[in-house]
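Asks: Have a look at this one.
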Number of protein chains: 2
Amino acid sequence: MHITFLFYQGMTALDVVGPHEILSRLPGARVHRVAKHSGPIPTDSQLFLMADESLSEISHTDVLLIPGSGSATTLKKEPEILEWVRRMHMTTLWTTSVCTGSLILGAAGILKDLRATTHWAAFERLEAYEAISTRGRYVIDGKVVTAAGVSAGIDMALFLSSKIAGPLFAQTIQLGIEYDPYPPYDAGSPEKANCAIRQSLFARMQAAFE
Amino acid sequence: MHITFLFYQGMTALDVVGPHEILSRLPGARVHRVAKHSGPIPTDSQLFLMADESLSEISHTDVLLIPGSGSATTLKKEPEILEWVRRMHMTTLWTTSVCTGSLILGAAGILKDLRATTHWAAFERLEAYEAISTRGRYVIDGKVVTAAGVSAGIDMALFLSSKIAGPLFAQTIQLGIEYDPYPPYDAGSPEKANCAIRQSLFARMQAAFE
């Protein structure tokens, strides 16, 4: 089971590391951390994550995961990455994204007529790619699974683990990472958040988006 | 506000990156990712995270965060790291840990007579350090805050954000990372998990612990 994480400059670290912590524990997982060029890749929080392989070294993967970015980039200036994503998607078992990673799938032409989600503040941008934008912690359409913002990748990865290795194994991983969430506030979705917080964050994120 | 993450070989990536995604967004945050020697540090899931600074470059920090490890190491073979942790703790505003990182705080002598928690499968090991072992998603005793296993660092970091920058700011970060958890199973604590899963995972983790 080859599981490949696409790394790129400015990606959000938790989009990668939440699912990585889970999917790398699957039985027989062969995990690939791949970027245009291997080496340390800067995230949007200054932390660097190491890409061990370059795109050209990966010709097939069973699971592909595309993280998002605080700038909601679609990698439009990186056509060779988009072409690689398109090529990988042809033979994946699961093509997945976290947060605004779905906009990259969209830009690669993969979301046309598919139900998909993304970070709540980027939701309307999905329509540019003819996706059927759908709210959900993660949204499944055939082999394409897209997660909502950042932390939603953890929930999506547990779902994928269940599909790949069965529900008991997924629950074992969940207990291993003690994922029994209990945040001090119940304010993590636009419906639950304070209105002023939601509006100011939305405005700030729109300004940051490419 | 200096916020310092201790990196070491074999640490759990999500223990670092969950809180890092949150605390690095605090206003005026100056984040330090520090290891015995700077450079790429291997985690227990093979992913390498980059440490930008060496221990000797950091003489004070306001917030210290110690991640755990799948091997539940106490860094007993690294006395200079434990000595550094002890020295940092003397002037922190908050000394914190995620998962079995609390065993490192314990080995540094910081948990004596303090209420503290850790990963559920390592819970009894806290007693070796004269801590008052206390179950909780995160446990606060004065300026020492210890989180439960792996993913609990996210909840703890939101609590710390609230203390440092106020509840509205913490909620803004929570909405930014869309932390509205909804895992496919409710099986992330030993009380909620299937008994056979809990027992087999406990046995496996005990065997892995140093």
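Residue numbers start at 1 in each chain; chains themselves are named A, B, ... in the order of the structure tokens; ligands are numbered from 1 in the order shown.
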Tell me which protein, DNA and RNA residues are within 9 Å of Ala147 (chain A), counting only C-alpha atoms, leaving out same-chain ones fewer than 2 positions away, and put them as a list of chain:residue names.
Replies: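 The residues that qualify are A:Thr96, A:Ser97, A:Val98, A:Cys99, A:Thr100, A:Gly101, A:Ser102, A:Ala116, A:Thr117, A:Thr118, A:His119, A:Gly136, A:Arg137, A:Tyr138, A:Val139, A:Ile140, A:Val145, A:Gly149, A:Val150, A:Ser151, A:Ala152, A:Gly153, A:Ile154, A:Asp155, A:Met156.
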Asks: Report as an mmCIF file with C-alpha atoms, in the first residue's frame all protein, DNA and RNA residues lying within 9 Å of region 179-194 of chain A, evaluated on only C-alpha atoms, omitting residues in the same chain fewer than 4 positions from it.
Replies:
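After the write, out.cif holds the following:
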```
data_model
loop_
_atom_site.group_PDB
_atom_site.id
_atom_site.type_symbol
_atom_site.label_atom_id
_atom_site.label_comp_id
_atom_site.auth_asym_id
_atom_site.auth_seq_id
_atom_site.Cartn_x
_atom_site.Cartn_y
_atom_site.Cartn_z
ATOM 1 C CA TRP A 120 -15.114 26.959 5.008
ATOM 2 C CA ALA A 121 -13.598 30.319 4.030
ATOM 3 C CA ILE A 173 -5.097 3.975 15.654
ATOM 4 C CA GLN A 174 -7.628 6.393 17.149
ATOM 5 C CA LEU A 175 -6.941 5.040 20.633
ATOM 6 C CA ARG A 198 -16.116 34.627 11.586
ATOM 7 C CA GLN A 199 -16.393 37.849 9.610
ATOM 8 C CA ARG B 137 -7.474 15.963 28.332
ATOM 9 C CA GLY B 149 -1.896 11.352 24.235
ATOM 10 C CA VAL B 150 -0.791 12.854 20.900
ATOM 11 C CA SER B 151 -3.936 14.654 19.661
ATOM 12 C CA ALA B 152 -4.612 16.171 23.103
ATOM 13 C CA ILE B 154 -4.329 20.487 20.072
ATOM 14 C CA ASP B 155 -6.820 21.004 22.890
ATOM 15 C CA MET B 156 -4.069 22.062 25.295
ATOM 16 C CA LEU B 158 -6.116 26.194 22.447
ATOM 17 C CA PHE B 159 -6.276 26.480 26.247
ATOM 18 C CA SER B 162 -6.782 31.544 25.549
ATOM 19 C CA PRO B 167 -10.626 33.540 24.579
ATOM 20 C CA LEU B 168 -11.674 35.416 21.430
ATOM 21 C CA ALA B 170 -8.185 31.288 20.827
ATOM 22 C CA GLN B 171 -11.560 30.865 19.158
ATOM 23 C CA THR B 172 -10.284 32.659 16.064
ATOM 24 C CA ILE B 173 -7.433 30.180 15.782
ATOM 25 C CA GLN B 174 -9.861 27.307 16.361
ATOM 26 C CA LEU B 175 -12.061 28.525 13.504
ATOM 27 C CA GLY B 176 -8.973 29.097 11.341
ATOM 28 C CA ILE B 177 -7.980 25.449 11.653
ATOM 29 C CA GLU B 178 -11.675 24.470 11.492
ATOM 30 C CA TYR B 179 -11.290 22.412 14.655
ATOM 31 C CA ASP B 180 -14.798 21.058 14.909
ATOM 32 C CA PRO B 181 -13.820 17.427 15.410
ATOM 33 C CA TYR B 182 -16.069 14.683 14.152
ATOM 34 C CA PRO B 183 -14.225 11.362 13.990
ATOM 35 C CA ASP B 186 -16.095 7.547 19.341
ATOM 36 C CA ALA B 187 -13.252 5.295 20.415
ATOM 37 C CA GLY B 188 -10.395 7.605 21.330
ATOM 38 C CA SER B 189 -10.196 7.048 25.085
#
```
Asks: Which residues come within 7 Å of Thr95 (chain B), counting only C-alpha atoms, excluding same-chain residues fewer than 2 positions away, as a list in words?
Replies: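 Near neighbours after the sequence-gap exclusion: Val63, Leu64, Leu65, His89, Thr92, Leu93, Lys143, Val144 and Val145 of chain B.
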Asks: Save out the residues we just selected, C-alpha atoms, as a CSV table (one decimal), in the first residue's frame.
Replies:
```csv
chain,number,residue,atom,x,y,z
B,63,VAL,CA,6.5,28.8,26.7
B,64,LEU,CA,8.3,25.4,26.6
B,65,LEU,CA,6.6,22.4,24.9
B,89,HIS,CA,11.6,25.8,33.4
B,92,THR,CA,9.1,30.0,31.8
B,93,LEU,CA,5.5,31.4,32.0
B,143,LYS,CA,2.4,27.0,35.2
B,144,VAL,CA,2.8,23.3,34.3
B,145,VAL,CA,0.3,22.0,31.8
```
Asks: Would you kindly return, as a list in words, each protein, DNA or RNA residue with an atom no farther than 9 Å from any atom of Leu26 (chain B), considering only C-alpha atoms and excluding same-chain residues fewer than 6 positions away?
Replies: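 Once the adjacent positions are removed, what remains is Met1, Ser161, Ile164, Ala165, Phe169, Ala170 and Ile173 of chain B.
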Asks: Go through chain A and collect every residue that DSSP, computed from the backbone, puts in helix (DSSP H, G or I); the answer should be as number ranges by chain.
Replies: A: 13-23, 55-57, 79-89, 101-107, 120-129, 152-165, 167-176, 195-208
